[in-house]
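Take a look at the structure below.
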Amino acid sequence: MSSSGDLLHVVTNDNIPAGRKAFGRAIIWGSAAVMAAVAVAQTLQVSGQAAFGFETWRPTLYAYVAWAICLCWGQVLINGEHGKRTLFVLPAALFVISLTVFPLLFGLIIAFSDWNLSSPTGRKFNGLDNLRQMWADPFYWNALLNMVWYVLAIIVEYAIAFGLALALNAEIRARKFFRVAFLLPLMLSPVAVSWMIGKSMLEPRFGPLARLARALGWDDPSFFGSPWIAKLTIMLMDAWTFIPFMMIMILAGLQAIPKELNEAAKVDGANGWRNFWEVTFPLMLPVSITAILIRIIFKLKLADIVIAVTSGGPGGATDTVTSFIFREYRDRSNVGYGTLLAMVYLVVIIIVMTLLMKLADRFTRPRT
Amino acid sequence: MSSAQIFHDSDADLGHRVKWWSGRVAVYGMLILWALICLFPIYWTLTTSFKMAPDVMKGNMIPWVDFTPKWLGWKSLGLSPDTIGDDNTVRAEFLKRFLNSAIAALASSLLAVVLGSLAAYGLSRFSYKFAWMRNSDISFFFLSQLILPPVVLALPMLVLYKELALLDTRVGLILLYTLSVLPIVIWIMRDQFSSIPTELEEAALVDGLSIWGAFVTIILPIALPGMVAAFILSLVLTWNEYFFAALLTSTYANTLPVMVASQTGSQGISWWSMAALAWAAILPLIVIGVVLERYIIKGMAAGAVK
């Protein structure tokens, strides 16, 4: 992440009058004060000490937006040209911070409380009870284990994607047709795919794939009957959607390899297979690792297909963490416990991804 | 009619030919097989939407040969030729959700491209220092949002939105969708901007343009293809989004995937109408995929090759 590239160095001498600076500071702090006042007033009302007639927390939201705008404007007023440069990054940064950091902090509070949205008692802290419940919840551990299996399936997806990218990179006719056809599965919404494939084509009586399976000698094709077959089917459907993604990244990498390298290898007497393993594959290693890492990130979010096709069944065999938490909320409105599970998942993901990135970094760095 | 051949192919040459042909056959075989795997579900869904119950049971596949196409599925959506003029509640529902999906996808992609391009441009041109964070830290902060699984934000957002009266509104969905595609946009655009030489802006600045003037008049037109790629990719991702839509909307701001999913759950599915619904939901994306394939591939390839 250190590719800062060519930086633009501009020297400007700003003569900003003191009055303008003061005005800038005034609007930033003034709007902050308004926001604080509104927030305090609303907190007082919620705790029942005063009545201002607010119905929702919207006023605080508006005050926050006003403050954010004043903060951006104030940057220009106070810092002149430098402020204008800050203005490029500041809106996006404010946006991301307000939509992730806030909810995450808030989520931490929820995670350690007993809160059922459908019960009238409301939220109350229950310390580490949720954590203890999670420790004893076999379904959550089962979902985590399933995620490991789902992630391992990426190796097979990668091999297929690589093969397809090689075929597309060869000298073929109708390249555009094949590229569009291969890309289409990625464009379709997972929910529609789960009906198209999961519910209709795999339907055990009339589905074309079930017919095919019967013709091939599988008497009673039920694709979601036994745990392992169901897991495999979900993996296949997810692979169907996402193989194009890896394929395109690998194809871009293949097209960036200079032709001379392969020609030189041919002159040196390497046949196709050796050429692939000793020239193409090592050159593709950085791209491959990027593609696989991004694919892992997407795989860890897998939920739509599972929710729509099996809702975790049979017996939790196809559950992902996301679909499990989704049902935990849907069926039991259990916000506190669900949030804790999600938080634990986040911690696990951060640890695993950091390790993987460190590993990948060491793996791709040229050996000296 | 001389049978004597002057030039003979040597055995080695013939062997080469055989190998070349077998290689061709293998490559085309693989390509055609995979193209079939990719296209068949789409074809199957389209034909099923024109089938009657017995056709589905018998597994007829080819229209006009195996079965006669009927407008049954599209009629239940109110989109067949003979029902298109009438009032139809299903069609009204479908169009409402279609509109919701379109507004949410377009607005959030636009917002993400604007915010993301600005941030990516700033990060590729100036050196910042906010507290301890330098450029690379800020970049990492943005890109690390990609790792954050939606489920972590979902429940806190649900409660927050409830308090803010943003539940079941399009604005609420648009904000979250923008957040979820922003890192991808920044990833693509950073790549795009760093390939544009800084001499361009230096010249513009010497000519008296301000830094924002140089950005808007000089850099934006050059970076436009990248922005289009980022926009299309965001559009695809947000149009297909299901998880947040299922949790945060109920009656008013429902999107199309939620409608498809809710129909799937019901027992005794009428295949033809489901097929019509699913096909109508994926049609815009098929069109985008066929027409704008170049941009999508460009967007996804960005960052793969340094």
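In the structure tokens, chains take letters A, B, ... by order of appearance, with residues numbered from 1 within each chain and ligands from 1 in the order shown.
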Inset, instruction - Could you give me, as a VMD selection string, each residue of region 56-292 of chain B that DSSP assigns to strand (DSSP E) when run on this structure's backbone? - result: chain B and resid 129 to 130 133 to 134
Find the residues of chain A that sit at most 7 Å from chain B; for each, write down the nearest two atoms and how far apart they are in Å, to one decimal. Count only C-alpha atoms. Sort by chain, then by number going up, and give it as JSON lines.
```
{"residue": "A:Met1", "atom": "CA", "partner": "B:Ser136", "partner_atom": "CA", "distance": 5.9}
{"residue": "A:Ser2", "atom": "CA", "partner": "B:Ser136", "partner_atom": "CA", "distance": 5.5}
{"residue": "A:Ser4", "atom": "CA", "partner": "B:Ser124", "partner_atom": "CA", "distance": 6.1}
{"residue": "A:Gly5", "atom": "CA", "partner": "B:Ser194", "partner_atom": "CA", "distance": 6.4}
{"residue": "A:Asp6", "atom": "CA", "partner": "B:Arg125", "partner_atom": "CA", "distance": 6.9}
{"residue": "A:Leu7", "atom": "CA", "partner": "B:Arg125", "partner_atom": "CA", "distance": 4.6}
{"residue": "A:Leu8", "atom": "CA", "partner": "B:Arg125", "partner_atom": "CA", "distance": 5.1}
{"residue": "A:Thr56", "atom": "CA", "partner": "B:Leu164", "partner_atom": "CA", "distance": 5.7}
{"residue": "A:Trp57", "atom": "CA", "partner": "B:Leu164", "partner_atom": "CA", "distance": 4.8}
{"residue": "A:Arg58", "atom": "CA", "partner": "B:Leu164", "partner_atom": "CA", "distance": 5.1}
{"residue": "A:Arg85", "atom": "CA", "partner": "B:Gly122", "partner_atom": "CA", "distance": 6.9}
{"residue": "A:Phe88", "atom": "CA", "partner": "B:Leu118", "partner_atom": "CA", "distance": 4.9}
{"residue": "A:Val89", "atom": "CA", "partner": "B:Ala119", "partner_atom": "CA", "distance": 4.3}
{"residue": "A:Pro91", "atom": "CA", "partner": "B:Leu115", "partner_atom": "CA", "distance": 6.8}
{"residue": "A:Ala92", "atom": "CA", "partner": "B:Leu115", "partner_atom": "CA", "distance": 5.3}
{"residue": "A:Val96", "atom": "CA", "partner": "B:Leu179", "partner_atom": "CA", "distance": 6.6}
{"residue": "A:Pro103", "atom": "CA", "partner": "B:Pro156", "partner_atom": "CA", "distance": 5.5}
{"residue": "A:Leu104", "atom": "CA", "partner": "B:Leu153", "partner_atom": "CA", "distance": 6.9}
{"residue": "A:Phe106", "atom": "CA", "partner": "B:Pro156", "partner_atom": "CA", "distance": 6.5}
{"residue": "A:Gly107", "atom": "CA", "partner": "B:Pro156", "partner_atom": "CA", "distance": 5.1}
{"residue": "A:Ala167", "atom": "CA", "partner": "B:Val27", "partner_atom": "CA", "distance": 5.8}
{"residue": "A:Phe178", "atom": "CA", "partner": "B:Ala35", "partner_atom": "CA", "distance": 6.6}
{"residue": "A:Val180", "atom": "CA", "partner": "B:Val290", "partner_atom": "CA", "distance": 6.1}
{"residue": "A:Ala181", "atom": "CA", "partner": "B:Ala35", "partner_atom": "CA", "distance": 5.8}
{"residue": "A:Phe182", "atom": "CA", "partner": "B:Ala35", "partner_atom": "CA", "distance": 6.2}
{"residue": "A:Leu184", "atom": "CA", "partner": "B:Gly289", "partner_atom": "CA", "distance": 6.4}
{"residue": "A:Pro185", "atom": "CA", "partner": "B:Cys38", "partner_atom": "CA", "distance": 6.2}
{"residue": "A:Met187", "atom": "CA", "partner": "B:Leu285", "partner_atom": "CA", "distance": 5.9}
{"residue": "A:Leu188", "atom": "CA", "partner": "B:Ile282", "partner_atom": "CA", "distance": 5.7}
{"residue": "A:Ser189", "atom": "CA", "partner": "B:Asn240", "partner_atom": "CA", "distance": 4.5}
{"residue": "A:Pro190", "atom": "CA", "partner": "B:Asn240", "partner_atom": "CA", "distance": 6.9}
{"residue": "A:Val191", "atom": "CA", "partner": "B:Pro257", "partner_atom": "CA", "distance": 6.0}
{"residue": "A:Ala192", "atom": "CA", "partner": "B:Ala278", "partner_atom": "CA", "distance": 5.3}
{"residue": "A:Trp195", "atom": "CA", "partner": "B:Thr264", "partner_atom": "CA", "distance": 6.7}
{"residue": "A:Met196", "atom": "CA", "partner": "B:Thr45", "partner_atom": "CA", "distance": 6.2}
{"residue": "A:Ile197", "atom": "CA", "partner": "B:Pro41", "partner_atom": "CA", "distance": 6.6}
{"residue": "A:Phe206", "atom": "CA", "partner": "B:Met57", "partner_atom": "CA", "distance": 5.5}
{"residue": "A:Pro208", "atom": "CA", "partner": "B:Gly59", "partner_atom": "CA", "distance": 6.7}
{"residue": "A:Ile248", "atom": "CA", "partner": "B:Ala301", "partner_atom": "CA", "distance": 6.5}
{"residue": "A:Met249", "atom": "CA", "partner": "B:Ala301", "partner_atom": "CA", "distance": 5.1}
{"residue": "A:Ala252", "atom": "CA", "partner": "B:Ala301", "partner_atom": "CA", "distance": 5.6}
{"residue": "A:Gly253", "atom": "CA", "partner": "B:Val305", "partner_atom": "CA", "distance": 5.8}
{"residue": "A:Val287", "atom": "CA", "partner": "B:Ala304", "partner_atom": "CA", "distance": 5.6}
{"residue": "A:Thr290", "atom": "CA", "partner": "B:Ala304", "partner_atom": "CA", "distance": 6.8}
{"residue": "A:Ile297", "atom": "CA", "partner": "B:Ile147", "partner_atom": "CA", "distance": 5.9}
{"residue": "A:Lys301", "atom": "CA", "partner": "B:Pro149", "partner_atom": "CA", "distance": 5.6}
{"residue": "A:Asp304", "atom": "CA", "partner": "B:Tyr242", "partner_atom": "CA", "distance": 6.6}
{"residue": "A:Ala308", "atom": "CA", "partner": "B:Ala261", "partner_atom": "CA", "distance": 6.1}
{"residue": "A:Thr322", "atom": "CA", "partner": "B:Val151", "partner_atom": "CA", "distance": 5.9}
{"residue": "A:Val335", "atom": "CA", "partner": "B:Leu155", "partner_atom": "CA", "distance": 6.4}
{"residue": "A:Thr339", "atom": "CA", "partner": "B:Leu155", "partner_atom": "CA", "distance": 6.2}
{"residue": "A:Ala342", "atom": "CA", "partner": "B:Val152", "partner_atom": "CA", "distance": 4.9}
{"residue": "A:Met343", "atom": "CA", "partner": "B:Val152", "partner_atom": "CA", "distance": 6.1}
{"residue": "A:Leu346", "atom": "CA", "partner": "B:Val152", "partner_atom": "CA", "distance": 6.9}
```
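Counting only C-alpha atoms and comparing A:Phe363, A:Tyr337, A:Phe23, A:Tyr345, the residue that lies closest to Asp114 (chain A) is A:Tyr337.
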Legend entry - Pick from A:Ala317, A:Leu128, A:Leu90, A:Ala32 nearest to Val65 (chain A), counting only C-alpha atoms: A:Ala32
Inset, instruction - From region 53-231 of chain A, collect each residue whose DSSP state is helix (DSSP H, G or I) and return the set as number ranges by chain. - result: A: 58-79, 81-111, 129-135, 138-152, 154-169, 175-187, 190-201, 208-215, 227-231
